[in-house]
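Beneath this line is the structure, given in structure tokens, with notes to follow.
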Amino acid sequence: MTSSELFSVEGYGVVVTGGASGLGLAFAEALAENGAAVTILDVDGKAIESEVARLVDAGHDVRGEVVDVTDHARLDAAFDAAVAAHGRLDVAFANAGIDSGPGFVSGWAGAERPRNYDGALETYTDERWNRVIDVNLNGVFATIRSATRHLRPQRSGRIIVTTSLAAIKTEPVIGAAYMAAKAGCAHLTRNVALELAAYGITVNAIAPGFIVTNIGSGHAKDPAAQEAMAKDIPMHRVGFPDDIKGLALFLASPASAYVTGQQIVIDGGWGLGLAD
Ligand SMILES: NC(=O)c1ccc[n+]([C@@H]2O[C@H](COP(=O)([O-])OP(=O)(O)OC[C@H]3O[C@@H](n4cnc5c(N)ncnc54)[C@H](O)[C@@H]3O)[C@@H](O)[C@H]2O)c1
């Protein structure tokens with residue numbers, strides 16, 4: 001392989017959970033724009049319909065299916081259908097995730113971060129905890145398992161998990177279950193990477209910082225929130241889904257063949273601390 005082919009995903013079969021919006025959509029675009037056949041799985045049927053139509057109109061090989069990652073049997077069936085449609089599976093993005101509601105302080109940035117009773121431990125319901133774990137941790141486990149059923153026999157493939165800077169650094173604005181789920185996903189990534197390394201399958205995680213998407217009812221789209229956050233981020237700007245495409249392509253392509261079990265933070269330096 002020449003170095004000009006290192007980032008080629010031409011002809012690959014790809015599945016992206018939570019692929020109809022935000023980061024998942026950026027992963028789908030990055031791979032499809034580079035010649036892969038992509039299946040988007042998401043709970044949002046309307047978004048699937050419009051995004052798939054847009055990408056197909058642009059000449060890309062993209063299909064979608066309404067699947068909730070908490071329905072593990074449906075997830076298995078959707079992977080089977082994607083393999084049947086594309087003829088192969090090379091890359092699976094375990095990306096679907098939800099916001100976990102209020103944390104124990106309010107306000108993303110700045111000195112004003114008042115305590116928030118609604119997000120305090122004593123008021124944190126089992127229902128809320130279980131829902132976040134079910135989507136953000138159990139859904140990732142089930143996605144990895146669905147993918148592995150296809151990848152292990154062929155002895156090749158890439159699994160890419162979306163974790164978060166919250167897997168490393170606790171963020172009090174986000175609820176506790178999100179921290180636990182993302183840290184769990186990060187360690188699950190290492191464990192699965194160890195199990196699958198001998199089969200030529202790499203398993204890595206992308207840990208984004210503050211990226212403007214629709215998560216949490218799109219709170220990050222508020223210009224005031226972006227301006228406040230930008231002050232805390234060493235690169236002095238928030239992130240956008242396009243920022244993540246290069247890393248996705250790297251982890252999906254032959255360029256990363258010898259990288260496994262790693263969590264790569266992509267956050268404009270936010271996790272490093274406060275600069276100026
Ligand atoms: N945006 C950020 O700042 C940020 C930072 C760190 C990590 N993340 C992670 O990135 C991932 C993608 O989030 P995003 O920011 O792009 O949000 P988003 O809301 O824009 O996109 C998430 C997509 O997942 C889908 N989804 C939600 N629950 C699902 C389920 N049960 N089954 C299938 N699909 C489901 C949604 O319908 C949506 O299309 C999540 O795992 C999130 O935790 C986001």
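Residue numbering restarts at 1 for every chain of the structure tokens, chains are lettered A, B, ... in their displayed order, and ligands are numbered from 1 as they appear.
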Using 6 Å as the limit and counting only C-alpha atoms and all ligand atoms, can you tabulate each residue of chain A that touches ligand 1, with its shortest atom-to-atom distance in Å and the two atoms involved, as a tab-separated table?
```
residue	atom	partner	partner_atom_place_in_ligand_line	distance
A:Thr17	CA	ligand 1	34 (N)	5.8
A:Gly18	CA	ligand 1	24 (O)	3.3
A:Gly19	CA	ligand 1	39 (O)	5.8
A:Ala20	CA	ligand 1	39 (O)	4.4
A:Ser21	CA	ligand 1	39 (O)	4.1
A:Gly22	CA	ligand 1	16 (O)	3.4
A:Leu23	CA	ligand 1	16 (O)	3.8
A:Gly24	CA	ligand 1	16 (O)	5.6
A:Asp42	CA	ligand 1	34 (N)	3.7
A:Val43	CA	ligand 1	34 (N)	4.5
A:Asp44	CA	ligand 1	37 (O)	4.7
A:Val67	CA	ligand 1	33 (C)	5.6
A:Asp68	CA	ligand 1	32 (N)	3.5
A:Val69	CA	ligand 1	32 (N)	4.0
A:Thr70	CA	ligand 1	31 (N)	5.6
A:Asn95	CA	ligand 1	41 (O)	4.8
A:Ala96	CA	ligand 1	24 (O)	4.2
A:Gly97	CA	ligand 1	41 (O)	3.4
A:Ile98	CA	ligand 1	27 (C)	5.4
A:Val135	CA	ligand 1	31 (N)	5.2
A:Thr162	CA	ligand 1	41 (O)	5.3
A:Thr163	CA	ligand 1	7 (C)	5.5
A:Ser164	CA	ligand 1	6 (C)	3.9
A:Pro208	CA	ligand 1	6 (C)	4.3
A:Gly209	CA	ligand 1	5 (C)	4.9
A:Phe210	CA	ligand 1	3 (O)	3.8
A:Ile211	CA	ligand 1	3 (O)	3.7
A:Val212	CA	ligand 1	1 (N)	5.5
A:Thr213	CA	ligand 1	20 (O)	4.2
A:Asn214	CA	ligand 1	20 (O)	3.6
A:Ile215	CA	ligand 1	19 (O)	3.4
```
Among region 116-270 of chain A, which residues carry a DSSP assignment of strand (DSSP E or B), reported as an MDAnalysis selection string?
chainID A and resid 157:162 174 201:208 211 239 263:266
In Å, rounded to a single decimal, give me how far CA of Ala26 (chain A) is from CA of Thr170 (chain A).
25.5 Å
If I take CA of Phe27 (chain A) and CA of Ala82 (chain A), how far is one from the other in Å, to one decimal?
16.3 Å
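CA of Asn116 (chain A) to CA of Leu137 (chain A) spans 25.0 Å [interatomic distance, one decimal].
Look at Ala257 (chain A): the protein and nucleic acid residues within 12 Å of it, using only C-alpha atoms and passing over chain neighbours fewer than 4 places away, are A:Leu6, A:Phe7, A:Ser156, A:Gly157, A:Arg158, A:Ile159, A:Ala197, A:Gly200, A:Ile201, A:Thr202, A:Val203, A:Asn204, A:Leu249, A:Phe250, A:Leu251, A:Ala252, A:Ser253, A:Gly261.
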For those residues, write N, CA, C and O atoms to a file as a CSV table (one decimal), in the first residue's frame.
```csv
chain,number,residue,atom,x,y,z
A,6,LEU,N,-3.4,5.3,2.3
A,6,LEU,CA,-3.5,5.1,3.7
A,6,LEU,C,-4.9,5.4,4.3
A,6,LEU,O,-5.4,4.8,5.2
A,7,PHE,N,-5.5,6.5,3.7
A,7,PHE,CA,-6.8,6.9,4.3
A,7,PHE,C,-8.0,6.5,3.4
A,7,PHE,O,-9.1,7.0,3.6
A,156,SER,N,-11.1,-9.1,10.4
A,156,SER,CA,-10.7,-7.7,10.1
A,156,SER,C,-11.8,-6.7,10.5
A,156,SER,O,-13.0,-7.2,10.6
A,157,GLY,N,-11.5,-5.5,10.6
A,157,GLY,CA,-12.5,-4.5,10.9
A,157,GLY,C,-12.1,-3.4,11.9
A,157,GLY,O,-11.0,-3.5,12.5
A,158,ARG,N,-13.0,-2.4,12.0
A,158,ARG,CA,-12.7,-1.3,12.9
A,158,ARG,C,-14.0,-1.1,13.7
A,158,ARG,O,-15.1,-1.0,13.2
A,159,ILE,N,-13.8,-0.9,15.0
A,159,ILE,CA,-14.9,-0.5,15.9
A,159,ILE,C,-14.5,0.8,16.5
A,159,ILE,O,-13.4,1.0,17.1
A,197,ALA,N,-7.7,-8.0,19.3
A,197,ALA,CA,-6.5,-7.6,18.6
A,197,ALA,C,-5.9,-8.7,17.7
A,197,ALA,O,-5.5,-8.5,16.6
A,200,GLY,N,-7.2,-9.1,14.2
A,200,GLY,CA,-6.9,-8.0,13.2
A,200,GLY,C,-8.0,-6.9,13.3
A,200,GLY,O,-8.2,-6.1,12.3
A,201,ILE,N,-8.7,-6.9,14.4
A,201,ILE,CA,-9.8,-5.9,14.5
A,201,ILE,C,-9.4,-4.8,15.5
A,201,ILE,O,-8.9,-5.2,16.6
A,202,THR,N,-9.4,-3.6,15.2
A,202,THR,CA,-9.0,-2.5,16.1
A,202,THR,C,-10.3,-1.9,16.7
A,202,THR,O,-11.3,-1.8,16.1
A,203,VAL,N,-10.1,-1.5,18.0
A,203,VAL,CA,-11.3,-0.9,18.7
A,203,VAL,C,-10.7,0.4,19.4
A,203,VAL,O,-9.8,0.3,20.3
A,204,ASN,N,-11.2,1.5,19.0
A,204,ASN,CA,-10.7,2.8,19.6
A,204,ASN,C,-11.9,3.7,19.9
A,204,ASN,O,-13.0,3.4,19.5
A,249,LEU,N,-12.0,9.4,10.0
A,249,LEU,CA,-11.4,8.8,8.8
A,249,LEU,C,-10.1,8.1,9.1
A,249,LEU,O,-9.8,6.9,8.6
A,250,PHE,N,-9.3,8.7,10.0
A,250,PHE,CA,-8.0,8.0,10.4
A,250,PHE,C,-8.3,6.7,11.1
A,250,PHE,O,-7.7,5.7,10.8
A,251,LEU,N,-9.3,6.7,12.1
A,251,LEU,CA,-9.5,5.5,12.8
A,251,LEU,C,-10.2,4.4,12.0
A,251,LEU,O,-10.2,3.2,12.3
A,252,ALA,N,-10.9,4.8,10.9
A,252,ALA,CA,-11.6,3.9,10.1
A,252,ALA,C,-10.8,3.3,9.0
A,252,ALA,O,-11.1,2.2,8.4
A,253,SER,N,-9.6,3.9,8.7
A,253,SER,CA,-8.9,3.6,7.5
A,253,SER,C,-7.6,2.8,7.8
A,253,SER,O,-7.2,2.7,9.0
A,261,GLY,N,-7.3,0.1,21.1
A,261,GLY,CA,-7.5,0.3,22.6
A,261,GLY,C,-7.3,1.7,23.1
A,261,GLY,O,-7.2,1.9,24.3
```
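Shortest separation to Asp71 (chain A) among A:Leu41, A:Pro223, A:Asp243, A:Glu112 occurs at residue A:Leu41, atoms counted being only C-alpha atoms.
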Can you tell me, as a PyMOL selection string, which residues in region 156-238 of chain A count as helix (DSSP H, G or I) by DSSP?
chain A and resi 165-167+176-199+215-221+223-232
Find the residues of region 13-128 of chain A that sit at most 8 Å from region 173-189 of chain A; for each, write down the nearest two atoms and how far apart they are in Å, to one decimal. Count only C-alpha atoms. Sort by chain, then by number going up, and give it as a Markdown table.
```
| residue | atom | partner | partner_atom | distance |
| --- | --- | --- | --- | --- |
| A:Asp99 | CA | A:Tyr178 | CA | 7.3 |
| A:Ser100 | CA | A:Gly175 | CA | 5.3 |
| A:Gly101 | CA | A:Gly175 | CA | 6.0 |
| A:Pro102 | CA | A:Gly175 | CA | 5.5 |
| A:Gly103 | CA | A:Gly175 | CA | 4.0 |
| A:Phe104 | CA | A:Val173 | CA | 6.2 |
| A:Val105 | CA | A:Val173 | CA | 5.3 |
| A:Ser106 | CA | A:Val173 | CA | 5.8 |
| A:Gly107 | CA | A:Val173 | CA | 6.6 |
| A:Trp108 | CA | A:Val173 | CA | 6.2 |
| A:Gly119 | CA | A:Gly175 | CA | 6.5 |
```
Let me see the file: selected residues, all heavy atoms, as a short mmCIF file (atom, residue, chain, number, x, y, z; two decimals), in the first residue's frame.
```cif
data_model
loop_
_atom_site.label_atom_id
_atom_site.label_comp_id
_atom_site.auth_asym_id
_atom_site.auth_seq_id
_atom_site.Cartn_x
_atom_site.Cartn_y
_atom_site.Cartn_z
N ASP A 99 -28.08 12.97 26.27
CA ASP A 99 -27.75 13.84 27.39
C ASP A 99 -28.42 13.25 28.65
O ASP A 99 -29.40 12.53 28.52
CB ASP A 99 -28.34 15.22 27.05
CG ASP A 99 -28.20 16.21 28.17
OD1 ASP A 99 -27.07 16.40 28.64
OD2 ASP A 99 -29.22 16.80 28.56
N SER A 100 -27.87 13.54 29.80
CA SER A 100 -28.45 12.90 30.98
C SER A 100 -29.23 13.87 31.85
O SER A 100 -29.48 13.57 33.02
CB SER A 100 -27.35 12.22 31.79
OG SER A 100 -26.51 13.20 32.32
N GLY A 101 -29.61 15.01 31.31
CA GLY A 101 -30.37 15.95 32.13
C GLY A 101 -29.44 16.75 33.02
O GLY A 101 -28.22 16.68 32.86
N PRO A 102 -30.00 17.50 33.96
CA PRO A 102 -29.16 18.43 34.73
C PRO A 102 -28.13 17.75 35.62
O PRO A 102 -28.35 16.67 36.15
CB PRO A 102 -30.18 19.20 35.58
CG PRO A 102 -31.39 18.34 35.62
CD PRO A 102 -31.40 17.54 34.35
N GLY A 103 -26.99 18.42 35.76
CA GLY A 103 -25.98 18.00 36.72
C GLY A 103 -26.17 18.75 38.04
O GLY A 103 -27.17 19.45 38.22
N PHE A 104 -25.19 18.65 38.92
CA PHE A 104 -25.39 19.25 40.24
C PHE A 104 -25.03 20.74 40.30
O PHE A 104 -25.22 21.38 41.32
CB PHE A 104 -24.68 18.45 41.34
CG PHE A 104 -23.18 18.49 41.32
CD1 PHE A 104 -22.48 19.54 41.91
CD2 PHE A 104 -22.45 17.46 40.72
CE1 PHE A 104 -21.09 19.57 41.91
CE2 PHE A 104 -21.07 17.48 40.72
CZ PHE A 104 -20.38 18.54 41.31
N VAL A 105 -24.51 21.28 39.17
CA VAL A 105 -24.45 22.75 39.04
C VAL A 105 -25.08 23.15 37.72
O VAL A 105 -25.22 22.34 36.81
CB VAL A 105 -23.00 23.32 39.11
CG1 VAL A 105 -22.32 22.98 40.42
CG2 VAL A 105 -22.17 22.87 37.92
N SER A 106 -25.47 24.42 37.62
CA SER A 106 -26.06 24.96 36.39
C SER A 106 -25.02 25.83 35.69
O SER A 106 -24.18 26.42 36.34
CB SER A 106 -27.26 25.83 36.70
OG SER A 106 -28.20 25.11 37.43
N GLY A 107 -25.13 25.92 34.37
CA GLY A 107 -24.25 26.82 33.62
C GLY A 107 -22.98 26.12 33.21
O GLY A 107 -22.25 25.58 34.04
N TRP A 108 -22.72 26.13 31.89
CA TRP A 108 -21.56 25.40 31.37
C TRP A 108 -20.24 26.07 31.70
O TRP A 108 -19.23 25.42 31.88
CB TRP A 108 -21.68 25.28 29.85
CG TRP A 108 -22.39 24.03 29.48
CD1 TRP A 108 -23.72 23.89 29.22
CD2 TRP A 108 -21.81 22.73 29.35
NE1 TRP A 108 -24.00 22.58 28.94
CE2 TRP A 108 -22.85 21.85 29.00
CE3 TRP A 108 -20.52 22.22 29.47
CZ2 TRP A 108 -22.64 20.49 28.78
CZ3 TRP A 108 -20.31 20.87 29.26
CH2 TRP A 108 -21.36 20.02 28.93
N GLY A 119 -30.38 18.32 39.94
CA GLY A 119 -29.33 17.39 39.50
C GLY A 119 -28.55 16.78 40.64
O GLY A 119 -27.58 16.05 40.42
#
```
If we count only C-alpha atoms and set the cut-off at 10 Å, which residues sit around His236 (chain A), ignoring sequence neighbours fewer than 2 positions away in its own chain? Please answer as a list of chain:residue names.
A:Gln226, A:Glu227, A:Ala228, A:Met229, A:Ala230, A:Lys231, A:Asp232, A:Ile233, A:Pro234, A:Val238, A:Gly239, A:Gly268, A:Gly269, A:Trp270, A:Ala275, A:Asp276
